[in-house]
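Data file: entry_27.cif. Format and content: mmCIF, C-alpha atoms and all ligand atoms.
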```cif
data_final
loop_
_atom_site.label_atom_id
_atom_site.label_comp_id
_atom_site.auth_asym_id
_atom_site.auth_seq_id
_atom_site.Cartn_x
_atom_site.Cartn_y
_atom_site.Cartn_z
CA MET A 1 0.49 3.44 -32.65
CA ASN A 2 3.50 5.46 -31.57
CA GLN A 3 6.41 3.03 -31.88
CA ARG A 4 8.76 5.16 -29.76
CA TRP A 5 6.27 5.08 -26.90
CA VAL A 6 5.80 1.34 -27.27
CA ASN A 7 9.55 0.79 -27.12
CA LYS A 8 9.79 3.00 -24.08
CA VAL A 9 7.13 0.98 -22.25
CA LYS A 10 8.71 -2.27 -23.41
CA GLY A 11 12.01 -1.14 -22.01
CA LYS A 12 10.45 -0.56 -18.62
CA LEU A 13 8.85 -3.96 -18.36
CA SER A 14 10.36 -6.87 -16.54
CA ALA A 15 11.64 -9.77 -18.59
CA GLY A 16 8.42 -11.81 -18.24
CA SER A 17 6.09 -9.05 -19.40
CA GLN A 18 5.26 -8.40 -23.01
CA PHE A 19 3.52 -5.54 -24.62
CA ASN A 20 0.37 -6.62 -26.42
CA ASN A 21 -2.06 -3.93 -27.47
CA PHE A 22 -4.00 -0.86 -26.38
CA GLN A 23 -7.56 -0.13 -25.47
CA ILE A 24 -9.22 3.22 -25.84
CA PHE A 25 -11.31 4.37 -22.87
CA LYS A 26 -13.67 7.28 -23.13
CA SER A 27 -15.59 9.05 -20.45
CA SER A 28 -17.94 12.01 -20.42
CA ASN A 29 -15.59 14.88 -21.08
CA PHE A 30 -12.14 13.42 -21.03
CA GLN A 31 -10.45 10.66 -22.90
CA ILE A 32 -8.11 8.32 -21.09
CA LYS A 33 -6.18 7.82 -24.29
CA LYS A 34 -4.67 4.40 -24.13
CA MET A 35 -4.84 1.69 -21.54
CA ALA A 36 -1.95 -0.69 -21.93
CA LYS A 37 -2.87 -4.36 -22.00
CA LEU A 38 0.18 -6.20 -20.76
CA ASN A 39 1.12 -9.81 -20.40
CA PHE A 40 2.02 -10.82 -16.84
CA GLY A 41 3.45 -14.32 -16.99
CA GLY A 42 0.92 -15.37 -19.63
CA VAL A 43 -2.11 -13.51 -18.21
CA GLU A 44 -3.27 -10.28 -19.84
CA GLU A 45 -4.14 -7.33 -17.62
CA ASN A 46 -5.15 -3.73 -18.18
CA VAL A 47 -2.73 -1.36 -16.52
CA VAL A 48 -2.13 2.37 -16.56
CA THR A 49 1.44 3.61 -16.87
CA ARG A 50 2.81 7.08 -16.30
CA GLU A 51 3.74 7.30 -19.98
CA GLU A 52 0.18 6.91 -21.15
CA PHE A 53 -1.31 8.99 -18.34
CA PRO A 54 1.31 11.64 -17.57
CA LEU A 55 1.16 13.99 -14.62
CA SER A 56 0.08 16.86 -16.91
CA LYS A 57 -3.10 14.91 -17.69
CA ALA A 58 -3.72 14.23 -13.99
CA GLN A 59 -3.32 17.95 -13.28
CA GLU A 60 -5.81 18.75 -16.05
CA VAL A 61 -8.41 16.27 -14.69
CA LEU A 62 -8.01 17.53 -11.12
CA LYS A 63 -7.63 21.26 -11.84
CA ASN A 64 -11.05 22.20 -10.47
CA GLU A 65 -11.01 19.75 -7.58
CA THR A 66 -10.11 20.28 -3.94
CA VAL A 67 -8.58 17.06 -2.70
CA ALA A 68 -9.16 16.76 1.05
CA VAL A 69 -6.82 14.23 2.66
CA ILE A 70 -8.55 13.24 5.90
CA GLY A 71 -6.01 11.84 8.37
CA TYR A 72 -2.29 12.46 8.56
CA GLY A 73 -1.04 9.13 9.94
CA VAL A 74 1.09 7.03 7.58
CA GLN A 75 -0.64 7.16 4.17
CA GLY A 76 -1.94 10.70 4.72
CA PRO A 77 1.46 12.45 4.64
CA GLY A 78 2.79 10.36 1.72
CA GLN A 79 -0.26 10.99 -0.44
CA ALA A 80 -0.83 14.61 0.57
CA LEU A 81 2.80 15.70 0.12
CA ASN A 82 3.22 13.89 -3.20
CA GLN A 83 0.02 15.46 -4.52
CA ARG A 84 1.04 18.90 -3.30
CA ASP A 85 4.45 18.55 -4.98
CA ASN A 86 2.65 17.37 -8.12
CA GLY A 87 0.69 20.63 -8.28
CA ILE A 88 -2.68 19.33 -7.06
CA ASN A 89 -4.93 21.52 -4.91
CA VAL A 90 -4.72 19.50 -1.69
CA ILE A 91 -5.87 20.29 1.83
CA VAL A 92 -5.49 18.20 5.00
CA GLY A 93 -8.21 17.43 7.56
CA GLN A 94 -6.83 16.42 10.95
CA ARG A 95 -8.08 16.69 14.54
CA LYS A 96 -6.41 19.57 16.37
CA ASN A 97 -4.27 19.48 19.52
CA SER A 98 -2.48 16.34 18.49
CA LYS A 99 1.08 15.52 17.52
CA THR A 100 -0.27 14.61 14.10
CA TRP A 101 -1.62 18.14 13.58
CA ASP A 102 1.83 19.49 14.51
CA LYS A 103 3.42 17.09 12.01
CA ALA A 104 1.20 18.47 9.25
CA VAL A 105 2.20 22.03 10.20
CA LYS A 106 5.87 21.01 10.19
CA ASP A 107 5.36 19.59 6.69
CA GLY A 108 4.17 23.00 5.50
CA PHE A 109 0.39 22.71 5.69
CA VAL A 110 -0.95 26.05 6.89
CA PRO A 111 -3.79 26.15 9.46
CA GLY A 112 -6.81 27.93 7.97
CA GLU A 113 -5.38 27.72 4.43
CA THR A 114 -4.44 24.12 3.69
CA LEU A 115 -4.91 22.48 7.10
CA PHE A 116 -8.30 22.24 8.80
CA GLU A 117 -10.24 20.38 11.44
CA ILE A 118 -11.71 17.24 9.88
CA GLU A 119 -15.23 18.57 9.47
CA GLU A 120 -14.16 21.78 7.76
CA ALA A 121 -11.92 19.86 5.35
CA LEU A 122 -14.82 17.51 4.59
CA GLN A 123 -16.99 20.48 3.77
CA ARG A 124 -14.34 22.12 1.53
CA GLY A 125 -13.19 18.99 -0.31
CA THR A 126 -14.69 17.81 -3.60
CA ILE A 127 -12.68 14.59 -3.39
CA ILE A 128 -12.53 13.13 0.11
CA CYS A 129 -9.49 10.90 0.64
CA TYR A 130 -10.55 8.89 3.66
CA LEU A 131 -7.19 8.03 5.21
CA LEU A 132 -8.02 7.60 8.87
CA SER A 133 -7.18 4.27 10.46
CA ASP A 134 -9.78 1.66 9.48
CA ALA A 135 -11.28 1.72 13.01
CA ALA A 136 -11.52 5.53 13.02
CA GLN A 137 -13.21 5.43 9.61
CA ILE A 138 -16.12 3.59 11.24
CA GLU A 139 -16.33 6.06 14.11
CA LEU A 140 -16.20 9.17 11.89
CA TRP A 141 -18.49 7.82 9.16
CA PRO A 142 -21.68 9.67 10.20
CA THR A 143 -19.77 12.98 10.00
CA VAL A 144 -18.23 12.12 6.63
CA LYS A 145 -21.55 11.02 5.17
CA LYS A 146 -23.11 14.37 6.06
CA HIS A 147 -20.66 16.15 3.76
CA LEU A 148 -20.91 13.79 0.80
CA THR A 149 -23.05 16.05 -1.36
CA PRO A 150 -23.92 15.03 -4.95
CA GLY A 151 -20.99 14.93 -7.36
CA LYS A 152 -18.31 14.64 -4.71
CA ALA A 153 -15.99 11.64 -4.66
CA LEU A 154 -15.13 9.37 -1.76
CA TYR A 155 -11.64 7.89 -2.07
CA PHE A 156 -10.16 5.06 -0.02
CA SER A 157 -6.76 3.36 0.01
CA HIS A 158 -8.26 0.07 1.13
CA GLY A 159 -11.36 -1.95 0.28
CA PHE A 160 -12.02 -2.68 3.96
CA GLY A 161 -14.77 -0.19 4.87
CA ILE A 162 -16.91 -0.85 1.79
CA THR A 163 -16.41 -4.63 1.46
CA PHE A 164 -17.19 -5.35 5.09
CA ASN A 165 -19.95 -2.73 5.29
CA GLY A 166 -22.07 -5.13 7.32
CA GLN A 167 -19.45 -4.72 10.04
CA THR A 168 -18.36 -1.11 9.36
CA GLY A 169 -21.68 0.54 8.45
CA ILE A 170 -19.92 2.49 5.66
CA ILE A 171 -22.61 2.77 2.99
CA PRO A 172 -22.12 5.84 0.78
CA PRO A 173 -24.97 7.78 -0.82
CA LYS A 174 -25.70 6.80 -4.43
CA ASP A 175 -24.92 10.20 -5.96
CA VAL A 176 -21.18 10.29 -5.18
CA ASP A 177 -18.28 8.54 -6.89
CA VAL A 178 -16.60 5.90 -4.75
CA PHE A 179 -13.20 4.50 -5.68
CA LEU A 180 -9.85 3.50 -4.30
CA VAL A 181 -6.16 3.77 -5.01
CA ALA A 182 -4.18 1.40 -2.81
CA PRO A 183 -0.40 1.93 -2.90
CA LYS A 184 1.30 -1.42 -2.35
CA GLY A 185 3.50 -0.31 0.53
CA SER A 186 3.86 2.04 3.42
CA GLY A 187 3.07 5.73 3.11
CA THR A 188 6.65 6.32 4.22
CA SER A 189 7.96 4.39 1.20
CA LEU A 190 5.48 6.17 -1.08
CA ARG A 191 7.01 9.51 -0.08
CA ARG A 192 10.60 8.30 0.03
CA MET A 193 10.41 6.72 -3.42
CA PHE A 194 8.68 9.80 -4.85
CA LEU A 195 11.58 11.95 -3.65
CA GLN A 196 13.98 9.50 -5.31
CA GLY A 197 12.09 9.74 -8.60
CA ARG A 198 10.68 6.22 -8.17
CA GLY A 199 7.13 5.03 -7.42
CA LEU A 200 5.23 2.33 -5.55
CA ASN A 201 2.77 0.39 -7.69
CA SER A 202 -0.90 0.84 -6.75
CA SER A 203 -4.14 -0.93 -7.45
CA TYR A 204 -7.26 1.04 -8.30
CA ALA A 205 -10.95 0.16 -8.27
CA ILE A 206 -14.27 1.84 -8.84
CA PHE A 207 -17.18 0.91 -6.59
CA GLN A 208 -19.60 3.57 -7.77
CA ASP A 209 -19.51 5.90 -10.78
CA ALA A 210 -22.18 8.50 -10.12
CA THR A 211 -20.72 11.33 -12.21
CA GLY A 212 -19.50 9.38 -15.24
CA LYS A 213 -16.05 10.74 -14.38
CA ALA A 214 -14.99 8.20 -11.78
CA LYS A 215 -12.45 6.54 -14.05
CA GLU A 216 -10.55 9.70 -14.99
CA ARG A 217 -10.73 10.96 -11.41
CA VAL A 218 -9.34 7.79 -9.85
CA VAL A 219 -6.60 7.30 -12.42
CA ALA A 220 -5.56 10.95 -12.11
CA LEU A 221 -5.38 10.57 -8.33
CA GLY A 222 -3.36 7.37 -8.69
CA ILE A 223 -0.81 9.20 -10.81
CA ALA A 224 -0.86 12.30 -8.58
CA VAL A 225 -0.08 10.35 -5.39
CA GLY A 226 3.08 9.09 -7.08
CA SER A 227 2.21 5.54 -8.14
CA GLY A 228 4.59 3.56 -10.34
CA TYR A 229 1.99 1.81 -12.50
CA LEU A 230 -1.69 1.24 -11.69
CA PHE A 231 -3.44 -2.13 -11.94
CA GLU A 232 -7.17 -2.77 -11.87
CA THR A 233 -8.95 -4.58 -9.08
CA ASP A 234 -12.25 -4.37 -7.21
CA PHE A 235 -12.87 -3.48 -3.56
CA LYS A 236 -13.33 -7.08 -2.45
CA LYS A 237 -10.24 -8.42 -4.18
CA GLU A 238 -8.19 -5.52 -2.87
CA VAL A 239 -9.07 -6.19 0.75
CA TYR A 240 -8.88 -9.98 0.50
CA SER A 241 -5.40 -9.88 -1.08
CA ASP A 242 -4.20 -7.13 1.24
CA LEU A 243 -5.26 -8.88 4.46
CA THR A 244 -3.83 -12.16 3.19
CA GLY A 245 -0.54 -10.56 2.16
CA GLU A 246 0.12 -8.71 5.39
CA ARG A 247 -0.78 -11.72 7.53
CA GLY A 248 1.20 -13.90 5.11
CA THR A 249 4.53 -13.41 3.36
CA LEU A 250 4.78 -9.66 3.90
CA MET A 251 4.70 -9.69 7.70
CA GLY A 252 3.13 -12.62 9.58
CA ALA A 253 4.60 -15.60 7.74
CA ILE A 254 8.02 -14.03 7.36
CA GLN A 255 8.35 -13.40 11.09
CA GLY A 256 7.16 -16.96 11.78
CA ILE A 257 9.76 -18.44 9.43
CA PHE A 258 12.51 -16.21 10.83
CA ALA A 259 11.64 -17.28 14.38
CA ALA A 260 11.53 -21.00 13.50
CA GLN A 261 14.84 -21.09 11.65
CA TYR A 262 16.61 -18.90 14.22
CA GLN A 263 15.46 -21.18 17.03
CA VAL A 264 16.59 -24.37 15.26
CA LEU A 265 20.04 -22.88 14.72
CA ARG A 266 20.25 -21.71 18.35
CA ASP A 267 19.07 -25.12 19.65
CA ASN A 268 21.92 -26.66 17.70
CA GLY A 269 24.54 -24.50 19.34
CA HIS A 270 24.96 -21.69 16.82
CA THR A 271 25.67 -18.23 18.23
CA PRO A 272 23.06 -15.46 17.97
CA SER A 273 25.35 -13.66 15.53
CA GLU A 274 25.56 -16.66 13.24
CA ALA A 275 21.85 -17.50 13.53
CA PHE A 276 20.76 -13.89 12.84
CA ASN A 277 23.10 -13.42 9.89
CA GLU A 278 21.96 -16.69 8.28
CA THR A 279 18.28 -16.00 8.94
CA VAL A 280 17.68 -12.27 8.44
CA GLU A 281 20.70 -10.12 7.66
CA GLU A 282 21.84 -11.95 4.55
CA LEU A 283 18.26 -12.02 3.26
CA THR A 284 17.53 -8.32 3.72
CA GLN A 285 20.96 -6.94 2.90
CA SER A 286 22.18 -9.18 0.13
CA LEU A 287 19.58 -11.45 -1.44
CA MET A 288 16.26 -9.57 -1.51
CA PRO A 289 17.71 -6.52 -3.28
CA LEU A 290 18.91 -8.95 -5.99
CA VAL A 291 15.49 -10.61 -6.17
CA ALA A 292 13.92 -7.14 -6.44
CA GLU A 293 16.21 -6.29 -9.34
CA ASN A 294 16.17 -9.50 -11.34
CA GLY A 295 13.81 -12.14 -9.91
CA MET A 296 14.32 -15.36 -7.97
CA ASP A 297 15.74 -17.45 -10.83
CA TRP A 298 18.49 -14.87 -11.37
CA MET A 299 19.36 -14.87 -7.68
CA TYR A 300 19.49 -18.69 -7.66
CA ALA A 301 21.67 -18.59 -10.78
CA ASN A 302 24.06 -16.16 -9.11
CA CYS A 303 24.69 -17.92 -5.80
CA SER A 304 27.01 -20.84 -5.12
CA THR A 305 26.14 -24.13 -6.78
CA THR A 306 25.80 -25.67 -3.29
CA ALA A 307 23.24 -23.03 -2.26
CA GLN A 308 21.49 -23.38 -5.58
CA ARG A 309 21.12 -27.17 -5.30
CA GLY A 310 19.79 -26.92 -1.75
CA ALA A 311 17.33 -24.12 -2.49
CA LEU A 312 15.96 -25.95 -5.53
CA ASP A 313 15.55 -29.14 -3.48
CA TRP A 314 13.86 -27.49 -0.51
CA TRP A 315 11.57 -24.71 -1.78
CA LYS A 316 8.71 -27.02 -2.75
CA LYS A 317 8.75 -28.64 0.71
CA PHE A 318 8.27 -25.22 2.28
CA ARG A 319 5.51 -24.41 -0.24
CA ASP A 320 3.67 -27.64 0.55
CA ALA A 321 4.10 -27.24 4.31
CA THR A 322 2.75 -23.68 4.35
CA ALA A 323 0.05 -23.93 1.65
CA PRO A 324 -2.60 -25.26 4.12
CA VAL A 325 -1.90 -22.34 6.46
CA PHE A 326 -2.32 -19.84 3.60
CA LYS A 327 -5.56 -21.55 2.61
CA GLU A 328 -6.84 -21.28 6.18
CA LEU A 329 -5.77 -17.64 6.25
CA TYR A 330 -7.60 -16.77 3.01
CA GLU A 331 -10.77 -18.46 4.26
CA SER A 332 -10.54 -16.53 7.50
CA VAL A 333 -10.27 -13.29 5.52
CA ALA A 334 -13.10 -14.15 3.13
CA SER A 335 -15.45 -15.18 5.95
CA GLY A 336 -15.06 -11.77 7.59
CA LYS A 337 -13.38 -13.24 10.67
CA GLU A 338 -10.18 -11.25 10.21
CA SER A 339 -11.97 -7.95 9.64
CA GLN A 340 -14.17 -8.49 12.71
CA ARG A 341 -11.15 -9.28 14.84
CA SER A 342 -9.40 -6.20 13.57
CA ILE A 343 -12.43 -3.96 14.24
CA ASP A 344 -12.95 -5.43 17.73
CA SER A 345 -9.36 -5.10 18.89
CA ASN A 346 -8.48 -1.80 17.18
CA SER A 347 -11.49 0.07 18.49
CA LYS A 348 -10.76 -0.70 22.16
CA PRO A 349 -9.62 2.34 24.16
CA ASP A 350 -6.53 0.50 25.44
CA TYR A 351 -5.58 -0.65 21.93
CA ARG A 352 -2.24 1.20 21.84
CA GLU A 353 -1.14 -0.09 25.28
CA LYS A 354 -1.99 -3.68 24.36
CA LEU A 355 -0.20 -3.31 21.04
CA GLU A 356 2.89 -2.03 22.82
CA VAL A 357 2.97 -5.15 25.03
CA GLU A 358 2.94 -7.39 21.94
CA LEU A 359 5.55 -5.33 20.11
CA LYS A 360 7.76 -5.33 23.21
CA GLU A 361 7.71 -9.11 23.20
CA LEU A 362 9.06 -9.09 19.64
CA ARG A 363 11.53 -6.29 20.35
CA ASP A 364 12.89 -8.02 23.45
CA SER A 365 13.24 -11.43 21.82
CA GLU A 366 16.78 -12.65 21.44
CA LEU A 367 16.37 -12.71 17.65
CA TRP A 368 15.57 -8.99 17.35
CA GLN A 369 17.96 -7.96 20.11
CA ALA A 370 20.68 -9.76 18.15
CA GLY A 371 19.41 -7.88 15.09
CA LYS A 372 19.84 -4.57 16.88
CA THR A 373 23.49 -5.33 17.54
CA VAL A 374 24.04 -6.58 14.00
CA ARG A 375 22.51 -3.39 12.57
CA SER A 376 24.72 -1.24 14.76
CA LEU A 377 27.76 -3.04 13.34
CA ARG A 378 26.95 -2.25 9.71
CA PRO A 379 29.82 -0.05 8.49
CA GLU A 380 27.40 2.69 7.45
CA ASN A 381 26.06 2.84 11.04
CA GLN A 382 29.48 3.23 12.63
CA LYS A 383 30.87 6.68 13.22
N1 LIG B 1 -0.13 2.37 6.62
C1 LIG B 1 0.06 2.34 5.32
O1 LIG B 1 1.12 2.68 4.84
C2 LIG B 1 -1.06 1.93 4.39
C3 LIG B 1 -0.75 1.33 3.16
C4 LIG B 1 -1.76 1.12 2.24
C5 LIG B 1 -3.07 1.47 2.58
N2 LIG B 1 -3.34 1.99 3.80
C6 LIG B 1 -4.72 2.39 4.12
O2 LIG B 1 -4.75 3.81 4.27
C7 LIG B 1 -5.71 4.19 5.25
C8 LIG B 1 -5.00 5.00 6.32
O3 LIG B 1 -4.07 4.14 6.98
P1 LIG B 1 -2.88 4.71 7.88
O4 LIG B 1 -2.03 3.52 8.23
O5 LIG B 1 -2.29 5.90 7.24
O6 LIG B 1 -3.74 5.12 9.13
P2 LIG B 1 -3.20 5.54 10.55
O7 LIG B 1 -1.79 5.97 10.47
O8 LIG B 1 -3.58 4.53 11.54
O9 LIG B 1 -4.18 6.81 10.71
C9 LIG B 1 -4.04 7.60 11.71
C10 LIG B 1 -4.88 8.85 11.41
O10 LIG B 1 -6.21 8.61 11.86
C11 LIG B 1 -6.50 9.64 12.85
N3 LIG B 1 -7.42 9.10 13.84
C12 LIG B 1 -7.32 7.92 14.52
N4 LIG B 1 -8.38 7.78 15.35
C13 LIG B 1 -9.16 8.89 15.18
C14 LIG B 1 -10.39 9.31 15.72
N5 LIG B 1 -11.06 8.57 16.60
N6 LIG B 1 -10.89 10.51 15.30
C15 LIG B 1 -10.23 11.26 14.41
N7 LIG B 1 -9.06 10.91 13.85
C16 LIG B 1 -8.54 9.73 14.22
C17 LIG B 1 -5.14 9.97 13.43
O11 LIG B 1 -5.16 11.18 14.11
P3 LIG B 1 -4.40 11.31 15.55
O12 LIG B 1 -2.95 11.17 15.25
O13 LIG B 1 -4.81 12.60 16.03
O14 LIG B 1 -4.87 10.12 16.37
C18 LIG B 1 -4.31 10.01 12.16
O15 LIG B 1 -4.53 11.19 11.42
C19 LIG B 1 -6.30 2.88 5.79
O16 LIG B 1 -7.46 2.59 5.06
C20 LIG B 1 -5.23 1.85 5.46
O17 LIG B 1 -5.74 0.55 5.34
C21 LIG B 1 -2.37 2.24 4.70
#
```

Target format structure tokens, applied to this file:
Amino acid sequence: MNQRWVNKVKGKLSAGSQFNNFQIFKSSNFQIKKMAKLNFGGVEENVVTREEFPLSKAQEVLKNETVAVIGYGVQGPGQALNQRDNGINVIVGQRKNSKTWDKAVKDGFVPGETLFEIEEALQRGTIICYLLSDAAQIELWPTVKKHLTPGKALYFSHGFGITFNGQTGIIPPKDVDVFLVAPKGSGTSLRRMFLQGRGLNSSYAIFQDATGKAKERVVALGIAVGSGYLFETDFKKEVYSDLTGERGTLMGAIQGIFAAQYQVLRDNGHTPSEAFNETVEELTQSLMPLVAENGMDWMYANCSTTAQRGALDWWKKFRDATAPVFKELYESVASGKESQRSIDSNSKPDYREKLEVELKELRDSELWQAGKTVRSLRPENQK
């Protein structure tokens, strides 16, 4: 074992993680040398790091492939541009006469060379990265299926279409590889962090290995799109955790908690400025960056003793109060209720107008109007 490499990986791990051992993975014509088995808070997991699977190896695995990124919405640009900058042969498939097509042109994709109508890209691609919105994936599926000839690979960034295939109808032919790489964040962050020399972590999963090369293909793609490290999952776990997370702490729960605390402060006579700063601004500007760097215990240890005492006394009450809601949420995801609701509402022709009404309600709320003013007063936003 190369001790220098081990030390390098060790150095990159967070305090709670410990390096344990390696596993050797072999596939038909390529060896994925060493999979790191790491300890995450006492639980061992197989992960792939950039050290063990460098970009040069991803380029080697993908050198004869044409990666067709279908859709240029949010994930499309992040993944396509990162792969292009990483020396992968990538083309984009996007419907013409749309702002999105123009965006791809602006980003340097050349019509007829690296930018095509969806069907032509599907025909040219050997790996099809299916990055349309989940609703559009259902609509376009018959066209995609037609071009999935033996040996090609179908790549997703979400387990939705396959896991809920009773609702989506997405059932791939048996003679193609089917896998996913799901970056844990927005396509915008994927690109932004790539340009900063950083990387979002991604999960990966294999649903079908028809060629015997699915593992090396998916890992190579995970590295090529600019992932930090890759962790293993399966399609079902990916979609269950993803739907829970975005409805929960990442977006739904956080907005709910913001709104509740802000309202209590306002009802008790605090100004919008005070309520917003104590609810959102301090969290996003001061505390979360510290949590991101060093964890929650470190942040607690580095705030006032008064704050520390209060936070330690109250966090379990919030956990116990919200746990039943999270349980209900997970059950709603696992029963297929959430996916059905998403398919039903997102495939309606007036989806965007209805969405705008709901977003306007949030935007126009006193909380987020106060936030707008607070943001404008940040020194970096003042001329
Ligand atoms: N958003 C994220 O950052 C994120 C993060 C992780 C995983 N994912 C997954 O990545 C995949 C792509 O998500 P996304 O958020 O990037 O999707 P998105 O932005 O909603 O996708 C929009 C793309 O789909 C095209 N499209 C929509 N309806 C169409 C139709 N009827 N026919 C043809 N094209 C159509 C759009 O073209 P037009 O502009 O011409 O309408 C555009 O290229 C999804 O599986 C998602 O779950 C997304």

Residues within 6 Å of ligand LIG 1 (chain B) should be enumerated using only C-alpha atoms and all ligand atoms and returned as a list in words.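 Checked against 6 Å with only C-alpha atoms and all ligand atoms; the hits are Gly71, Tyr72, Gly73, Val74, Gln75, Gly76, Gln94, Arg95, Ser98, Thr100, Leu131, Leu132, Ser133, Asp134, Ala136, Ser157, His158, Ala182, Pro183, Gly185, Ser186 and Gly187 of chain A.
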
In terms of the shortest atom-to-atom distance over only C-alpha atoms, which of A:Gly256, A:Cys129, A:Asn39, A:Phe53 is closest to Val69 of chain A? A:Cys129

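Interatomic distance, atom CA of Thr211 of chain A against atom CA of Asn64 of chain A: 14.7 Å.
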
Non-local contacts of segment 103-112 of chain A (8 Å; all atoms listed in the file; under 3 positions in same chain excluded) as a ChimeraX atom specification: /A:72,77,91-92,99-100,115-116

With a distance cut-off of 12 Å and only C-alpha atoms, select the neighbouring residues of Ser56 of chain A, excluding the residue or stretch itself and same-chain residues fewer than 3 positions from it, and output the selection as a ChimeraX atom specification. /A:50-53,59-63,86-88,220-221,223-224

Identify, on the basis of all atoms listed in the file, every residue whose closest approach to segment 377-380 of chain A does not exceed 12 Å; exclude the query and any residue fewer than 2 positions from it along the same chain; express the result as a PyMOL selection string. chain A and resi 273+277+281+285+370-375+382-383

Would you please work out which residue, of A:Ile343, A:Ala214, A:Leu230, A:Val144, is nearest to Asn46 of chain A when using only C-alpha atoms?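 When distances to Asn46 of chain A are compared using only C-alpha atoms, the smallest one comes from A:Leu230.
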
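Excluding Asp234 of chain A and any residue on its chain fewer than 4 positions from it, the residues at most 9 Å away by only C-alpha atoms are Gly159, Leu180, Ser203, Tyr204, Ala205, Ile206, Phe207, Glu238 and Val239 of chain A.
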
In terms of the shortest atom-to-atom distance over all atoms listed in the file, which of A:Arg247, A:Arg217, A:Lys96, A:Arg198 is closest to Val67 of chain A? A:Arg217

Centre and edges of the segment 355-365 of chain A box, axis-aligned, 4 Å extra per side, as JSON:
```
{"center_x": 6.5, "center_y": -6.7, "center_z": 22.3, "size_x": 21.4, "size_y": 17.4, "size_z": 13.4}
```

For Gln123 of chain A: contacts at 9 Å, all atoms listed in the file, fewer than 5 positions along chain excluded, given as a short mmCIF file (atom, residue, chain, number, x, y, z; two decimals) with C-alpha atoms, in the frame of the given file:
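Output file out00.cif is given in full below:
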```cif
data_model
loop_
_atom_site.label_atom_id
_atom_site.label_comp_id
_atom_site.auth_asym_id
_atom_site.auth_seq_id
_atom_site.Cartn_x
_atom_site.Cartn_y
_atom_site.Cartn_z
CA ILE A 118 -11.71 17.24 9.88
CA VAL A 144 -18.23 12.12 6.63
CA LYS A 146 -23.11 14.37 6.06
CA HIS A 147 -20.66 16.15 3.76
CA LEU A 148 -20.91 13.79 0.80
#
```

Among the residues A:Ala253, A:Ala210, A:Ala334, A:Ala275, the one that comes closest to Pro150 of chain A [using all atoms listed in the file]: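 Comparing A:Ala253, A:Ala210, A:Ala334, A:Ala275 against Pro150 of chain A, the winner is A:Ala210.
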
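You will find atom CA of Glu45 of chain A at 14.8 Å from atom CA of Lys237 of chain A.
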
Among A:Tyr130, A:Tyr300, A:Tyr229, A:Trp101, Val48 of chain A is approached most closely, using only C-alpha atoms, by A:Tyr229

Where atoms are lacking, segment 100-108 of chain A completed to N, CA, C and O atoms, as a PDB file, in the frame of the given file:
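Saved result, rebuild-v8.pdb, follows:
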```
ATOM      1  N   THR A 100      -0.086  14.776  15.547  1.00  0.00           N
ATOM      2  CA  THR A 100      -0.270  14.610  14.100  1.00  0.00           C
ATOM      3  C   THR A 100      -0.561  15.951  13.435  1.00  0.00           C
ATOM      4  O   THR A 100      -0.074  16.235  12.337  1.00  0.00           O
ATOM      5  N   TRP A 101      -1.348  16.783  14.103  1.00  0.00           N
ATOM      6  CA  TRP A 101      -1.620  18.140  13.580  1.00  0.00           C
ATOM      7  C   TRP A 101      -0.288  18.892  13.465  1.00  0.00           C
ATOM      8  O   TRP A 101       0.002  19.515  12.440  1.00  0.00           O
ATOM      9  N   ASP A 102       0.536  18.787  14.524  1.00  0.00           N
ATOM     10  CA  ASP A 102       1.830  19.490  14.510  1.00  0.00           C
ATOM     11  C   ASP A 102       2.720  18.977  13.367  1.00  0.00           C
ATOM     12  O   ASP A 102       3.454  19.752  12.758  1.00  0.00           O
ATOM     13  N   LYS A 103       2.627  17.674  13.105  1.00  0.00           N
ATOM     14  CA  LYS A 103       3.420  17.090  12.010  1.00  0.00           C
ATOM     15  C   LYS A 103       2.999  17.710  10.664  1.00  0.00           C
ATOM     16  O   LYS A 103       3.844  18.044   9.826  1.00  0.00           O
ATOM     17  N   ALA A 104       1.690  17.884  10.504  1.00  0.00           N
ATOM     18  CA  ALA A 104       1.200  18.470   9.250  1.00  0.00           C
ATOM     19  C   ALA A 104       1.696  19.918   9.105  1.00  0.00           C
ATOM     20  O   ALA A 104       2.084  20.351   8.016  1.00  0.00           O
ATOM     21  N   VAL A 105       1.707  20.642  10.230  1.00  0.00           N
ATOM     22  CA  VAL A 105       2.200  22.030  10.200  1.00  0.00           C
ATOM     23  C   VAL A 105       3.682  22.035   9.827  1.00  0.00           C
ATOM     24  O   VAL A 105       4.142  22.810   8.982  1.00  0.00           O
ATOM     25  N   LYS A 106       4.430  21.113  10.461  1.00  0.00           N
ATOM     26  CA  LYS A 106       5.870  21.010  10.190  1.00  0.00           C
ATOM     27  C   LYS A 106       6.119  20.685   8.699  1.00  0.00           C
ATOM     28  O   LYS A 106       7.114  21.140   8.123  1.00  0.00           O
ATOM     29  N   ASP A 107       5.207  19.942   8.110  1.00  0.00           N
ATOM     30  CA  ASP A 107       5.360  19.590   6.690  1.00  0.00           C
ATOM     31  C   ASP A 107       4.875  20.698   5.755  1.00  0.00           C
ATOM     32  O   ASP A 107       4.790  20.493   4.542  1.00  0.00           O
ATOM     33  N   GLY A 108       4.501  21.849   6.345  1.00  0.00           N
ATOM     34  CA  GLY A 108       4.170  23.000   5.500  1.00  0.00           C
ATOM     35  C   GLY A 108       2.701  23.207   5.216  1.00  0.00           C
ATOM     36  O   GLY A 108       2.347  24.090   4.432  1.00  0.00           O
TER      37      GLY A 108
END
```
